[in-house]
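Structure data (compact mmCIF, C-alpha atoms) from run.txt:
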```txt
# COMPACT_ATOMS: atom_id res chain seq x y z
CA MET A 179 -5.33 12.67 -18.54
CA THR A 180 -2.57 15.29 -18.76
CA GLN A 181 0.22 15.52 -16.20
CA GLN A 182 -1.35 18.75 -14.93
CA GLN A 183 -4.68 16.96 -14.29
CA ARG A 184 -3.12 13.85 -12.76
CA ARG A 185 -3.36 13.67 -8.95
CA PRO A 186 -2.18 10.26 -7.79
CA TRP A 187 -2.09 8.29 -4.61
CA ILE A 188 1.50 7.59 -3.58
CA VAL A 189 1.95 3.97 -2.54
CA GLY A 190 5.08 3.13 -0.57
CA VAL A 191 6.10 -0.49 -0.06
CA SER A 192 8.58 -1.03 2.78
CA GLY A 193 10.55 -4.12 3.78
CA ALA A 194 8.03 -5.75 6.12
CA SER A 195 6.53 -9.11 5.26
CA GLY A 196 3.18 -8.71 3.56
CA THR A 197 3.74 -7.86 -0.10
CA PRO A 198 0.32 -9.42 -0.98
CA PHE A 199 -1.29 -6.59 1.03
CA ALA A 200 0.45 -4.04 -1.19
CA ALA A 201 -0.58 -5.89 -4.34
CA SER A 202 -4.22 -5.93 -3.26
CA VAL A 203 -4.18 -2.21 -2.40
CA LEU A 204 -2.63 -1.40 -5.77
CA ARG A 205 -5.23 -3.47 -7.63
CA GLY A 206 -7.99 -1.80 -5.61
CA LEU A 207 -6.75 1.69 -6.47
CA LEU A 208 -6.48 0.83 -10.14
CA ALA A 209 -9.95 -0.77 -10.16
CA ALA A 210 -11.33 2.46 -8.67
CA GLY A 211 -9.82 4.47 -11.52
CA GLU A 212 -7.13 6.07 -9.38
CA SER A 213 -3.65 7.06 -10.57
CA VAL A 214 -0.74 5.66 -8.56
CA ASP A 215 2.83 6.76 -7.91
CA LEU A 216 4.75 3.72 -6.68
CA VAL A 217 7.85 3.68 -4.47
CA VAL A 218 9.31 0.25 -3.69
CA SER A 219 12.04 0.45 -1.05
CA ARG A 220 15.29 -1.46 -1.39
CA ALA A 221 14.47 -3.65 1.60
CA SER A 222 11.02 -4.46 0.21
CA ARG A 223 12.57 -5.86 -2.96
CA LEU A 224 14.25 -8.55 -0.87
CA THR A 225 10.92 -9.35 0.79
CA LEU A 226 9.13 -9.41 -2.56
CA LEU A 227 11.74 -11.78 -3.97
CA ASP A 228 11.42 -14.05 -0.92
CA GLU A 229 7.60 -14.05 -0.86
CA THR A 230 6.89 -14.23 -4.58
CA GLY A 231 10.11 -15.06 -6.43
CA ILE A 232 9.79 -11.79 -8.35
CA ALA A 233 12.85 -9.55 -8.60
CA PHE A 234 11.63 -5.94 -8.84
CA ARG A 235 14.00 -4.00 -11.10
CA ASP A 236 13.89 -0.27 -11.81
CA ALA A 237 14.79 -0.80 -15.47
CA HIS A 238 12.03 -3.41 -15.93
CA TRP A 239 9.52 -2.19 -13.37
CA GLN A 240 6.47 -2.48 -15.64
CA GLU A 241 7.13 -6.12 -16.45
CA ASP A 242 7.88 -6.94 -12.80
CA LEU A 243 4.88 -4.99 -11.45
CA ARG A 244 2.54 -6.69 -13.90
CA SER A 245 3.79 -10.12 -12.78
CA TRP A 246 3.45 -9.14 -9.13
CA LEU A 247 -0.09 -7.79 -9.37
CA ALA A 248 -1.24 -10.75 -11.46
CA ARG A 249 -0.20 -13.11 -8.68
CA GLY A 250 -2.72 -14.29 -6.07
CA ALA A 251 -1.95 -14.36 -2.37
CA ASP A 252 -1.74 -18.15 -2.67
CA GLY A 253 1.14 -17.79 -5.12
CA LYS A 254 -0.76 -18.70 -8.28
CA PRO A 255 0.31 -16.60 -11.30
CA ASP A 256 -2.18 -14.99 -13.69
CA THR A 257 -4.91 -14.85 -11.05
CA PHE A 258 -5.58 -11.18 -11.82
CA ARG A 259 -5.22 -9.04 -14.92
CA PRO A 260 -4.72 -5.45 -13.70
CA ASP A 261 -4.16 -2.51 -16.02
CA ILE A 262 -0.98 -0.82 -14.76
CA GLY A 263 -1.24 2.06 -17.24
CA PRO A 264 -2.09 4.62 -14.50
CA VAL A 265 1.04 3.70 -12.47
CA ARG A 266 4.19 5.82 -12.38
CA HIS A 267 7.25 4.36 -10.71
CA TRP A 268 9.90 6.31 -8.80
CA ALA A 269 13.19 4.76 -7.68
CA ALA A 270 13.53 4.65 -3.89
CA GLY A 271 16.88 6.45 -4.02
CA ASP A 272 15.61 9.32 -6.19
CA LEU A 273 15.26 12.15 -3.68
CA ALA A 274 14.67 14.58 -6.56
CA ALA A 275 11.50 12.71 -7.57
CA GLY A 276 8.13 14.43 -7.74
CA PRO A 277 6.74 13.07 -4.43
CA SER A 278 9.70 14.58 -2.54
CA SER A 279 8.16 18.04 -2.92
CA GLY A 280 5.02 19.46 -1.36
CA SER A 281 4.24 21.23 -4.64
CA TYR A 282 3.83 17.88 -6.39
CA PRO A 283 0.09 17.17 -6.68
CA ALA A 284 -0.96 14.06 -4.76
CA LYS A 285 -4.09 12.93 -2.95
CA GLY A 286 -2.12 11.32 -0.14
CA MET A 287 0.06 8.33 0.62
CA LEU A 288 -0.49 4.71 1.62
CA ILE A 289 2.43 2.78 3.14
CA VAL A 290 1.67 -0.92 2.89
CA PRO A 291 3.16 -2.87 4.46
CA ALA A 292 5.03 -0.62 6.89
CA SER A 293 7.99 -2.12 8.75
CA THR A 294 8.94 -0.91 12.22
CA ALA A 295 12.03 0.70 10.69
CA CYS A 296 9.76 2.59 8.30
CA VAL A 297 7.46 3.62 11.17
CA ALA A 298 10.45 4.95 13.10
CA GLY A 299 11.87 6.79 10.09
CA VAL A 300 8.58 8.52 9.28
CA ALA A 301 7.80 9.32 12.93
CA LEU A 302 11.25 10.89 13.38
CA GLY A 303 11.24 12.63 9.99
CA LEU A 304 14.49 10.98 8.86
CA SER A 305 13.74 11.07 5.11
CA LYS A 306 16.52 8.57 4.43
CA ASP A 307 14.93 7.53 1.12
CA LEU A 308 12.09 8.62 -1.16
CA LEU A 309 9.51 6.57 0.73
CA GLN A 310 10.23 8.31 4.02
CA ARG A 311 10.61 11.70 2.37
CA ALA A 312 7.27 11.37 0.58
CA ALA A 313 5.62 10.40 3.88
CA SER A 314 7.10 13.46 5.61
CA VAL A 315 5.84 15.67 2.78
CA THR A 316 2.39 14.09 3.04
CA LEU A 317 2.23 14.92 6.75
CA LYS A 318 3.47 18.50 6.41
CA GLU A 319 1.01 19.17 3.60
CA ARG A 320 -1.81 17.78 5.78
CA ARG A 321 -2.67 15.10 3.23
CA LYS A 322 -3.97 11.66 4.10
CA LEU A 323 -1.27 9.24 5.25
CA VAL A 324 -2.19 5.62 6.02
CA VAL A 325 0.52 3.52 7.66
CA THR A 326 -0.20 -0.22 7.53
CA VAL A 327 2.03 -1.62 10.25
CA ARG A 328 2.96 -5.29 9.81
CA GLU A 329 4.83 -6.55 12.86
CA THR A 330 4.15 -8.59 16.01
CA PRO A 331 4.79 -8.27 18.86
CA LEU A 332 5.32 -4.52 19.07
CA SER A 333 8.05 -2.98 21.20
CA GLY A 334 7.48 0.00 23.45
CA SER A 335 9.49 2.28 21.17
CA THR A 336 7.41 1.29 18.13
CA LEU A 337 4.19 1.87 20.07
CA LYS A 338 5.40 5.36 20.99
CA GLN A 339 6.30 6.05 17.36
CA MET A 340 2.85 4.90 16.26
CA VAL A 341 1.30 7.32 18.76
CA ALA A 342 3.52 10.07 17.34
CA LEU A 343 2.26 9.29 13.83
CA ASP A 344 -1.34 9.39 15.04
CA GLU A 345 -0.73 12.76 16.70
CA ALA A 346 0.83 14.04 13.47
CA GLY A 347 -2.37 13.20 11.60
CA ALA A 348 -1.59 9.80 10.10
CA VAL A 349 -3.95 6.82 10.21
CA VAL A 350 -2.10 3.93 11.86
CA LEU A 351 -3.70 0.77 10.50
CA PRO A 352 -2.21 -2.56 11.64
CA ALA A 353 -2.49 -5.39 9.12
CA SER A 354 -5.09 -7.25 11.18
CA PRO A 355 -7.58 -9.29 9.13
CA ALA A 356 -11.06 -9.97 10.52
CA PHE A 357 -13.17 -13.07 10.04
CA TYR A 358 -16.74 -11.71 10.15
CA ALA A 359 -16.61 -11.12 6.40
CA GLY A 360 -16.73 -14.86 5.78
CA ALA A 361 -13.18 -15.44 4.58
CA THR A 362 -12.58 -18.88 3.10
CA HIS A 363 -9.26 -18.28 1.31
CA ILE A 364 -6.01 -16.47 2.09
CA GLN A 365 -6.89 -13.91 -0.59
CA ASP A 366 -10.02 -12.99 1.38
CA LEU A 367 -7.94 -12.18 4.48
CA VAL A 368 -5.47 -10.14 2.42
CA ASP A 369 -8.27 -8.28 0.67
CA PHE A 370 -9.91 -7.43 4.00
CA VAL A 371 -6.80 -5.58 5.16
CA ALA A 372 -6.40 -3.91 1.76
CA GLY A 373 -10.05 -2.88 1.87
CA ARG A 374 -9.61 -1.26 5.27
CA VAL A 375 -6.63 0.67 3.89
CA LEU A 376 -8.77 1.92 1.01
CA ASP A 377 -11.59 2.73 3.46
CA ALA A 378 -9.18 4.92 5.43
CA ALA A 379 -8.20 6.66 2.19
CA GLY A 380 -11.82 7.16 1.13
CA VAL A 381 -11.43 5.05 -2.03
CA PRO A 382 -14.48 2.91 -2.97
CA HIS A 383 -13.96 -0.81 -3.43
CA GLN A 384 -15.63 -4.21 -3.18
CA LEU A 385 -12.79 -6.15 -1.60
CA TYR A 386 -14.71 -7.56 1.37
CA ARG A 387 -18.21 -8.13 2.70
CA ARG A 388 -19.17 -5.35 5.11
CA TRP A 389 -20.80 -5.91 8.49
CA GLU A 390 -24.55 -5.38 8.26
CA GLY A 391 -25.58 -6.06 11.83
CA GLU A 392 -26.68 -9.66 11.32
CA LEU A 393 -24.98 -12.36 13.39
CA GLY A 394 -23.93 -15.28 11.23
CA GLY A 395 -24.67 -13.39 8.04
CA ALA A 396 -21.33 -14.21 6.48
CA SER A 397 -21.79 -17.95 6.94
CA ARG A 398 -25.17 -17.83 5.16
CA SER A 399 -24.09 -15.63 2.25
```

When written as structure tokens, how does the structure in this file appear?
Amino acid sequence: MTQQQRRPWIVGVSGASGTPFAASVLRGLLAAGESVDLVVSRASRLTLLDETGIAFRDAHWQEDLRSWLARGADGKPDTFRPDIGPVRHWAAGDLAAGPSSGSYPAKGMLIVPASTACVAGVALGLSKDLLQRAASVTLKERRKLVVTVRETPLSGSTLKQMVALDEAGAVVLPASPAFYAGATHIQDLVDFVAGRVLDAAGVPHQLYRRWEGELGGASRS
């Protein structure tokens, strides 16, 4: 695929807890044959280090991303073997990067997980880093923006900012796993949230068992 033909999903990872959600979304996009532009915020690198022990470095991003995506939500390494060939990485401080412009071809943007600081920055149009700038561009270009909020409880100001994002055209999708899909492992709960993110983006996947109108169906499958 040439650069002219490439039309990626931008995935922004903010500093909220929940880096396994981002890993599952990234694996799902790659499994669906999608191209990905990845922006990992500075704050999220601290969270990633704390939750996985992986230090995400711009100069070694391919090695670090491969280790991250291979890791299961239970912490076991080499659980997955994703092909990261379709991924392009942009440094969070690079405000001259492709996704900072509306003329850059992109299908939309998925922010997962989204911290309350990220929610506020996008809702207010602050564009303090590439993640926020890319989200602002996504909104102004009327492209799909999915904001996976990971925080509890929620303050009144955050709730108002989430309403503002909804009114601007974003999909506000709290990281709230469900249990009707028959989850038996932590990975199942993570994949449910990631699957709902991909559902909102219109990307096909097989990350969770869908409701089929049969009570108790998950327990018998």

Would you compute the distance between CA of His267 in chain A and CA of Asp215 in chain A? Give it in Å to one decimal.
5.8 Å

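If you measure from each of A:Arg328, A:Arg320, A:His363, A:Arg249 to Val290 in chain A using all atoms listed in the file, the closest one turns out to be A:Arg328.
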
Across A:Val214, A:Leu273, A:Ile289, A:Val315, the smallest distance to Ala372 in chain A, with all atoms listed in the file counted, is shown by A:Ile289

Quick one: residues within 12 Å of Gly394 in chain A, all atoms listed in the file, excluding same-chain residues fewer than 6 positions away - as a count of residues only?
4

Can you pull out every residue within 8 Å of Ala233 in chain A, counting only C-alpha atoms, but drop anything in the same chain fewer than 2 positions away, and send it as a ChimeraX atom specification?
/A:223-224,226-227,231,235,242

Enclose range 302-310 of chain A, meaning all of its atoms listed in the file, in a box aligned along x, y and z, pad it by 3 Å on each side, and list the centre and edge lengths in Å to one decimal, as AutoDock Vina command-line options.
```
--center_x 13.0 --center_y 9.6 --center_z 6.1 --size_x 13.0 --size_y 12.1 --size_z 20.5
```

Which one is closest to Ala209 in chain A: A:Asp228, A:Asp307, A:Asp261, A:Asp256? Count only C-alpha atoms.
A:Asp261

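Taking all atoms listed in the file into account, Ala284 in chain A lies nearest to A:Ala313 out of the set A:Pro255, A:Ala313, A:Tyr386, A:Arg244.
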
Neighbouring residues of Val324 in chain A were defined as those with any atom within 9 Å, considering only C-alpha atoms; residues of the same chain fewer than 3 positions away were excluded. Please report them as an mmCIF file with C-alpha atoms, keeping the file's coordinate frame.
```
data_model
loop_
_atom_site.group_PDB
_atom_site.id
_atom_site.type_symbol
_atom_site.label_atom_id
_atom_site.label_comp_id
_atom_site.auth_asym_id
_atom_site.auth_seq_id
_atom_site.Cartn_x
_atom_site.Cartn_y
_atom_site.Cartn_z
ATOM 1 C CA GLY A 286 -2.120 11.320 -0.140
ATOM 2 C CA MET A 287 0.060 8.330 0.620
ATOM 3 C CA LEU A 288 -0.490 4.710 1.620
ATOM 4 C CA ILE A 289 2.430 2.780 3.140
ATOM 5 C CA VAL A 290 1.670 -0.920 2.890
ATOM 6 C CA ALA A 348 -1.590 9.800 10.100
ATOM 7 C CA VAL A 349 -3.950 6.820 10.210
ATOM 8 C CA VAL A 350 -2.100 3.930 11.860
ATOM 9 C CA LEU A 351 -3.700 0.770 10.500
ATOM 10 C CA VAL A 375 -6.630 0.670 3.890
ATOM 11 C CA ALA A 378 -9.180 4.920 5.430
ATOM 12 C CA ALA A 379 -8.200 6.660 2.190
#
```
